[in-house]
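Shown next: start-v6.txt, given as compact mmCIF, C-alpha atoms.
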# COMPACT_ATOMS: atom_id res chain seq x y z
CA MET A 1 3.79 19.75 -5.60
CA VAL A 2 4.69 18.21 -2.24
CA PHE A 3 2.81 15.41 -0.51
CA PHE A 4 3.21 13.63 2.83
CA PRO A 5 2.49 9.87 2.65
CA CYS A 6 1.74 8.66 6.17
CA CYS A 7 2.19 5.08 7.36
CA LYS A 8 -0.10 2.72 9.28
CA ILE A 9 -0.22 0.20 12.09
CA ASN A 10 -2.14 -3.07 12.14
CA ILE A 11 -4.41 -3.58 15.14
CA GLY A 12 -5.06 -7.31 15.19
CA LEU A 13 -4.06 -9.48 12.26
CA ASP A 14 -5.80 -12.80 11.67
CA ILE A 15 -4.51 -15.10 8.92
CA LEU A 16 -7.60 -17.08 8.06
CA ARG A 17 -6.68 -19.50 5.28
CA ARG A 18 -4.28 -20.20 2.44
CA ARG A 19 -5.91 -19.67 -0.96
CA GLU A 20 -5.58 -21.74 -4.10
CA ASP A 21 -3.70 -18.87 -5.78
CA GLY A 22 -0.97 -19.08 -3.12
CA TYR A 23 -2.03 -15.94 -1.24
CA HIS A 24 -3.66 -15.88 2.19
CA ASP A 25 -7.00 -14.46 3.28
CA ILE A 26 -6.54 -12.14 6.24
CA GLU A 27 -8.48 -9.75 8.42
CA THR A 28 -6.78 -6.77 10.02
CA VAL A 29 -7.62 -3.26 11.14
CA MET A 30 -5.31 -0.71 9.54
CA PHE A 31 -4.99 2.58 11.38
CA PRO A 32 -3.22 5.62 9.88
CA VAL A 33 -0.27 7.15 11.73
CA SER A 34 -0.72 10.76 10.74
CA GLY A 35 2.57 12.17 12.01
CA LEU A 36 5.05 9.59 10.66
CA CYS A 37 5.34 10.47 7.00
CA ASP A 38 7.67 10.44 4.03
CA ILE A 39 7.96 13.57 1.87
CA LEU A 40 7.12 13.19 -1.82
CA GLU A 41 7.72 15.88 -4.42
CA ILE A 42 6.34 15.59 -7.96
CA VAL A 43 7.02 18.21 -10.64
CA PRO A 44 6.51 18.08 -14.43
CA SER A 45 9.83 17.66 -16.23
CA GLY A 46 8.89 18.73 -19.74
CA ARG A 47 10.33 15.44 -20.95
CA SER A 48 8.92 11.95 -21.27
CA GLY A 49 9.23 9.34 -18.57
CA VAL A 50 10.11 9.60 -14.89
CA GLU A 51 13.28 10.80 -13.18
CA PHE A 52 13.46 9.44 -9.63
CA SER A 53 15.73 10.50 -6.77
CA SER A 54 15.66 9.95 -3.04
CA SER A 55 17.16 11.10 0.25
CA GLY A 56 16.82 10.22 3.92
CA LEU A 57 16.73 6.50 4.68
CA ALA A 58 18.31 4.46 1.90
CA VAL A 59 15.79 2.99 -0.55
CA ASP A 60 16.73 -0.67 -0.83
CA CYS A 61 15.71 -1.51 -4.40
CA ARG A 62 16.53 -0.71 -8.01
CA THR A 63 15.00 2.52 -9.31
CA GLU A 64 12.80 0.68 -11.82
CA ASP A 65 11.39 -1.46 -8.99
CA ASN A 66 10.60 1.44 -6.67
CA LEU A 67 6.89 1.67 -5.99
CA CYS A 68 6.79 5.37 -6.85
CA VAL A 69 8.22 4.61 -10.28
CA ARG A 70 5.86 1.68 -10.76
CA ALA A 71 2.94 3.93 -9.77
CA TYR A 72 3.99 6.53 -12.34
CA ARG A 73 4.19 3.89 -15.07
CA ALA A 74 0.73 2.57 -14.19
CA VAL A 75 -0.80 6.07 -14.36
CA GLU A 76 1.12 6.94 -17.53
CA GLU A 77 -0.11 3.77 -19.24
CA LYS A 78 -3.74 4.50 -18.40
CA TYR A 79 -3.85 8.29 -18.80
CA GLY A 80 -0.96 9.13 -21.13
CA ILE A 81 0.54 11.75 -18.82
CA GLY A 82 3.77 13.65 -19.45
CA GLY A 83 7.13 13.20 -17.78
CA VAL A 84 7.89 14.08 -14.16
CA LYS A 85 10.65 14.37 -11.64
CA ILE A 86 9.88 12.52 -8.40
CA HIS A 87 11.92 13.04 -5.25
CA LEU A 88 11.23 10.89 -2.19
CA HIS A 89 12.61 11.82 1.21
CA LYS A 90 12.34 8.59 3.17
CA THR A 91 11.54 8.84 6.88
CA VAL A 92 9.29 5.81 7.47
CA PRO A 93 11.46 2.74 8.09
CA PHE A 94 11.16 -0.05 5.53
CA GLY A 95 10.92 -3.75 6.34
CA ALA A 96 8.88 -2.63 9.33
CA GLY A 97 5.28 -3.62 8.59
CA LEU A 98 4.27 0.05 8.53
CA GLY A 99 3.29 0.20 4.85
CA GLY A 100 5.60 3.09 4.01
CA GLY A 101 6.34 1.90 0.47
CA SER A 102 2.67 1.26 -0.23
CA ALA A 103 1.79 4.75 1.02
CA ASP A 104 4.45 6.27 -1.24
CA ALA A 105 2.97 4.43 -4.23
CA VAL A 106 -0.60 5.54 -3.61
CA TYR A 107 0.36 9.13 -2.88
CA THR A 108 2.27 9.12 -6.15
CA VAL A 109 -0.97 8.15 -7.90
CA LYS A 110 -2.91 10.84 -6.02
CA GLY A 111 -0.18 13.38 -6.68
CA LEU A 112 -0.03 12.68 -10.41
CA SER A 113 -3.79 13.14 -10.57
CA GLN A 114 -3.41 16.61 -9.05
CA VAL A 115 -0.33 17.60 -11.05
CA PHE A 116 -1.96 16.68 -14.37
CA GLY A 117 -5.57 17.51 -13.48
CA LEU A 118 -6.80 13.96 -14.02
CA GLY A 119 -9.65 14.27 -11.52
CA MET A 120 -9.22 10.73 -10.22
CA ASP A 121 -11.73 9.86 -7.50
CA GLU A 122 -11.03 7.37 -4.71
CA ALA A 123 -12.32 4.46 -6.79
CA ALA A 124 -9.97 5.31 -9.66
CA VAL A 125 -7.03 5.58 -7.24
CA LYS A 126 -7.92 2.21 -5.70
CA ASP A 127 -8.12 0.61 -9.14
CA ILE A 128 -4.49 1.50 -9.86
CA ALA A 129 -3.34 0.94 -6.28
CA ALA A 130 -4.63 -2.64 -6.27
CA GLY A 131 -2.11 -3.54 -8.96
CA LEU A 132 0.81 -2.26 -6.87
CA GLY A 133 0.46 -4.37 -3.71
CA SER A 134 -1.89 -6.03 -1.25
CA ASP A 135 -2.13 -3.23 1.33
CA THR A 136 -1.96 -0.27 -1.05
CA VAL A 137 -5.74 0.14 -1.37
CA PHE A 138 -5.97 1.22 2.27
CA PHE A 139 -3.97 4.38 1.54
CA ALA A 140 -6.48 5.54 -1.06
CA GLY A 141 -8.74 6.46 1.86
CA ASP A 142 -8.01 8.65 4.85
CA GLY A 143 -9.17 6.75 7.93
CA PRO A 144 -9.12 3.41 9.75
CA ALA A 145 -10.34 0.40 7.82
CA LEU A 146 -11.01 -3.30 8.20
CA SER A 147 -8.96 -4.97 5.48
CA SER A 148 -9.77 -8.47 4.24
CA GLY A 149 -9.05 -10.75 1.30
CA ARG A 150 -5.32 -10.31 0.55
CA GLY A 151 -5.68 -6.91 2.22
CA GLU A 152 -7.18 -5.27 -0.85
CA VAL A 153 -10.82 -5.39 0.35
CA VAL A 154 -11.15 -2.29 2.51
CA THR A 155 -14.15 -1.33 4.64
CA PRO A 156 -14.05 1.94 6.65
CA ILE A 157 -14.34 1.35 10.39
CA THR A 158 -14.51 3.55 13.47
CA VAL A 159 -11.80 3.07 16.12
CA ASP A 160 -12.55 5.95 18.48
CA ASN A 161 -11.54 4.08 21.65
CA ILE A 162 -7.83 4.92 21.14
CA ARG A 163 -8.24 8.64 20.42
CA GLY A 164 -6.09 10.65 22.82
CA MET A 165 -3.83 7.71 23.67
CA LEU A 166 -0.06 7.86 23.21
CA LEU A 167 1.23 5.71 20.35
CA VAL A 168 4.85 4.54 20.51
CA ILE A 169 6.47 2.70 17.59
CA ILE A 170 9.84 0.95 17.95
CA LYS A 171 11.72 -0.74 15.11
CA PRO A 172 14.94 -2.71 15.58
CA PRO A 173 17.78 -2.52 13.05
CA VAL A 174 16.52 -5.65 11.29
CA GLY A 175 13.84 -6.17 8.69
CA VAL A 176 11.45 -9.07 8.19
CA SER A 177 10.64 -10.77 4.89
CA THR A 178 6.87 -10.82 4.46
CA ALA A 179 7.13 -13.91 2.24
CA ALA A 180 9.15 -15.76 4.88
CA ALA A 181 6.69 -14.72 7.59
CA TYR A 182 3.73 -16.04 5.59
CA ALA A 183 5.58 -19.31 4.94
CA SER A 184 5.80 -19.94 8.69
CA VAL A 185 2.24 -19.16 9.82
CA SER A 186 -0.56 -21.59 10.62
CA PRO A 187 -3.86 -20.11 9.37
CA ALA A 188 -6.91 -20.43 11.63
CA MET A 189 -10.40 -18.98 11.88
CA PRO A 190 -10.99 -17.01 15.11
CA ARG A 191 -14.11 -17.75 17.11
CA VAL A 192 -15.04 -14.06 17.29
CA PRO A 193 -14.59 -11.87 14.18
CA LEU A 194 -12.05 -9.07 14.41
CA ALA A 195 -14.75 -6.48 13.69
CA GLU A 196 -16.38 -7.43 17.00
CA ARG A 197 -13.20 -7.71 19.06
CA ILE A 198 -11.93 -4.28 17.99
CA GLU A 199 -15.01 -2.73 19.64
CA MET A 200 -14.09 -4.17 23.04
CA PRO A 201 -12.43 -1.87 25.61
CA VAL A 202 -8.73 -1.31 24.91
CA ASP A 203 -7.95 -2.84 28.33
CA ARG A 204 -9.16 -6.17 26.93
CA TRP A 205 -7.23 -6.03 23.67
CA ARG A 206 -4.19 -7.76 25.19
CA GLU A 207 -6.26 -10.93 25.63
CA VAL A 208 -8.46 -10.75 22.51
CA LEU A 209 -6.39 -9.11 19.73
CA LYS A 210 -3.41 -10.94 18.31
CA ASN A 211 -1.11 -10.74 15.32
CA ASP A 212 -0.67 -14.21 13.81
CA PHE A 213 2.77 -13.27 12.48
CA GLU A 214 4.18 -12.77 15.96
CA ARG A 215 4.81 -16.43 16.83
CA PRO A 216 7.07 -17.26 13.85
CA VAL A 217 8.69 -13.80 13.68
CA PHE A 218 9.44 -13.69 17.41
CA ALA A 219 10.98 -17.18 17.19
CA ALA A 220 13.26 -16.05 14.37
CA HIS A 221 14.00 -12.59 15.83
CA PRO A 222 13.95 -12.62 19.66
CA GLN A 223 14.89 -8.92 19.77
CA ILE A 224 11.47 -8.10 18.27
CA ALA A 225 9.75 -10.07 21.02
CA ARG A 226 11.77 -8.11 23.58
CA ILE A 227 10.37 -4.84 22.21
CA LYS A 228 6.83 -6.00 22.94
CA GLU A 229 7.87 -7.04 26.45
CA GLY A 230 9.61 -3.69 26.94
CA LEU A 231 6.52 -1.74 25.92
CA TYR A 232 4.37 -3.64 28.42
CA ASP A 233 7.04 -3.14 31.09
CA ALA A 234 6.90 0.60 30.35
CA GLY A 235 3.15 0.66 31.02
CA ALA A 236 1.53 0.03 27.64
CA VAL A 237 -2.15 -0.89 27.76
CA TYR A 238 -1.73 -2.81 24.51
CA ALA A 239 1.28 -3.74 22.40
CA SER A 240 1.60 -5.63 19.13
CA MET A 241 3.81 -6.13 16.13
CA SER A 242 2.58 -4.23 13.08
CA GLY A 243 2.02 -6.29 9.95
CA SER A 244 4.78 -8.86 9.46
CA GLY A 245 7.23 -6.70 11.42
CA SER A 246 9.74 -5.73 12.44
CA ALA A 247 8.15 -2.65 14.06
CA VAL A 248 6.21 -3.06 17.30
CA PHE A 249 3.84 -0.45 18.72
CA GLY A 250 2.39 0.26 22.13
CA LEU A 251 -0.64 2.26 23.26
CA PHE A 252 -0.29 4.20 26.50
CA ARG A 253 -2.42 6.37 28.74
CA GLY A 254 -2.24 7.71 32.28
CA GLU A 255 1.02 8.22 34.16
CA ALA A 256 3.25 6.85 31.37
CA THR A 257 2.09 9.65 29.06
CA MET A 258 2.75 12.52 31.50
CA ASP A 259 5.48 15.10 30.93
CA VAL A 260 7.09 14.79 34.35
CA ASP A 261 10.24 16.76 33.47
CA GLY A 262 8.51 19.65 31.72
CA CYS A 263 10.40 18.95 28.49
CA GLY A 264 7.40 18.05 26.35
CA VAL A 265 8.23 14.33 26.24
CA PRO A 266 6.05 11.62 27.87
CA SER A 267 7.74 9.93 30.82
CA CYS A 268 7.83 6.50 29.15
CA ILE A 269 9.90 7.66 26.16
CA GLY A 270 13.25 8.28 27.88
CA PRO A 271 13.50 4.80 29.45
CA LEU A 272 12.39 3.17 26.19
CA LYS A 273 15.05 5.04 24.22
CA ASP A 274 17.64 4.00 26.80
CA THR A 275 16.58 0.36 26.59
CA PHE A 276 16.41 0.33 22.79
CA ALA A 277 19.24 2.74 22.14
CA ASP A 278 20.06 1.70 18.57
CA TYR A 279 16.43 1.34 17.52
CA PHE A 280 14.04 3.67 15.71
CA VAL A 281 11.63 5.16 18.28
CA TYR A 282 8.66 7.34 17.36
CA HIS A 283 5.72 8.65 19.35
CA GLU A 284 2.58 10.73 18.81
CA VAL A 285 -0.75 11.34 20.48
CA ILE A 286 -3.56 9.81 18.43
CA SER A 287 -5.98 12.55 17.37

Rewrite the structure of this file - the entire thing - as structure tokens.
Amino acid sequence: MVFFPCCKINIGLDILRRREDGYHDIETVMFPVSGLCDILEIVPSGRSGVEFSSSGLAVDCRTEDNLCVRAYRAVEEKYGIGGVKIHLHKTVPFGAGLGGGSADAVYTVKGLSQVFGLGMDEAAVKDIAAGLGSDTVFFAGDGPALSSGRGEVVTPITVDNIRGMLLVIIKPPVGVSTAAAYASVSPAMPRVPLAERIEMPVDRWREVLKNDFERPVFAAHPQIARIKEGLYDAGAVYASMSGSGSAVFGLFRGEATMDVDGCGVPSCIGPLKDTFADYFVYHEVIS
């Protein structure tokens, strides 16, 4: 069976406090990017254990540490399933703050449930996903969510004010260590909760929605800061780094989204690709 794990962007990311267990409490809105997906194939092998292979973007970890493999082992331990072959074609950049690895892990859990007829509901998927990472629980659902705690407390939320807008994601050829990013932040409680600010008009988001990782990450990686500047220069209504980076996204509407050359590409994309020639550039219209 073949599955398509999509990634996400973070709209606003407040780091509220450092916890006694060493983690941080956060609040962020996670929004699924439906068109930017990896491809995951899972087939029974007739043998015990998991055989993992990959293609596309290089997977930068040992096989036994890959989140798909870890997800298989978690499901196998709980449900006693048989062996499988897993092939991952990697399209979503890693080290980007887009949650691609977490999505792969959760879709592996969902896929194994289908392949072996386990009948896992969303709660059962979340139970296993929570042991695989802080933002994995989000991918057990299928829509936007307000994530809190370490990111594992997920509450569905409506974000209809960006439907129909053009989303552009740009990632430079550098990654960002999430641990290093957390080590450099200064937690603070916002005066207005994120759940209220996200409901404001998108034209106000530039002044009211921030990502607390941007200050330390931009200081360490000026080229990431330049992406955000470039997106605003290209006409973005709102731009922000996603997660701890290094990907930055922009939301566009109006003239910047028009196909002026009749080639099916919004007018802002060509200049952005010229400016960020060696970078990953992706765009889709939010449905």

TODO: May I ask which of the residues A:Thr257, A:Ile42, A:Gly250, A:Val176 is the closest one to Phe218 of chain A, counting only C-alpha atoms?
DONE: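 Distance minimum relative to Phe218 of chain A lands on A:Val176.
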
- [ ] Quote the spacing between atom CA of Phe249 of chain A and atom CA of Val168 of chain A in Å to one decimal place.
- [x]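 Distance reported for this atom pair: 5.4 Å.
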
- [ ] Skip segment 50-58 of chain A itself and residues of its chain fewer than 2 positions away, then list as a PyMOL selection string all residues within 7 Å of it, counting only C-alpha atoms.
- [x] chain A and resi 48+60+83-91

- [ ] Measuring atom to atom with all atoms listed in the file, identify which of A:Arg191, A:Lys171, A:Arg70, A:His24 is nearest to Asp278 of chain A.
- [x] A:Lys171

Task: Length of the atom CA of Gly80 of chain A to atom CA of Ala105 of chain A vector [Å] - done: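 Result for atom CA of Gly80 of chain A versus atom CA of Ala105 of chain A: 18.0 Å, one decimal.
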
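Compared by their closest atoms to Glu77 of chain A, and using all atoms listed in the file, the residues A:Ala96, A:Ile128, A:Ala219, A:Met241 rank with A:Ile128 nearest.
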
Task: Near-Ile81 of chain A list (12 Å; all atoms listed in the file; drop same-chain fewer than 4 positions) as a PyMOL selection string - done: chain A and resi 44-50+72-77+109+112-118

- [ ] Name the residues in contact with Leu146 of chain A at a cut-off of 7 Å, using all atoms listed in the file, excluding same-chain residues fewer than 3 positions from it; report them as a ChimeraX atom specification.
- [x] /A:27-30,154-157

Residue selection dump (C-alpha atoms) as a PDB file, keeping the file's coordinate frame:
ATOM      1  CA  GLU A  27      -8.480  -9.750   8.420  1.00  0.00           C
ATOM      2  CA  THR A  28      -6.780  -6.770  10.020  1.00  0.00           C
ATOM      3  CA  VAL A  29      -7.620  -3.260  11.140  1.00  0.00           C
ATOM      4  CA  MET A  30      -5.310  -0.710   9.540  1.00  0.00           C
ATOM      5  CA  VAL A 154     -11.150  -2.290   2.510  1.00  0.00           C
ATOM      6  CA  THR A 155     -14.150  -1.330   4.640  1.00  0.00           C
ATOM      7  CA  PRO A 156     -14.050   1.940   6.650  1.00  0.00           C
ATOM      8  CA  ILE A 157     -14.340   1.350  10.390  1.00  0.00           C
TER       9      ILE A 157
END

Open item on the list: Could you check the closest approach to Pro266 of chain A for each of A:Leu167, A:Val217, A:Val137, A:Ile9 and tell me which residue wins, using all atoms listed in the file?
Closed with: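 Result for the nearest residue to Pro266 of chain A: A:Leu167.
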
Open item on the list: Show me the residues close to (8.4, -2.4, -8.7) - anything with an atom within 12 Å, counting all atoms listed in the file - and format the list as a list in words.
Closed with: Asp60, Cys61, Arg62, Thr63, Glu64, Asp65, Asn66, Leu67, Cys68, Val69, Arg70, Ala71, Tyr72, Arg73, Ala74, Gly101, Ser102, Ala105, Gly131, Leu132 and Gly133 of chain A

Task: Interatomic distance (Å, one decimal) between atom CA of Ala277 of chain A and atom CA of Ile169 of chain A - done: 13.6 Å

- [ ] Tell me, as a PyMOL selection string, which residues lie within 7 Å of Val33 of chain A, counting only C-alpha atoms; anything in the same chain fewer than 4 positions away does not count.
- [x] chain A and resi 6-9

Open item on the list: Under the rule that all atoms listed in the file are counted, which of A:Ser34, A:Ser267, A:Asn10, A:Ser287 is the nearest residue to Leu209 of chain A?
Closed with: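 Using all atoms listed in the file, Leu209 of chain A sits closest to A:Asn10.
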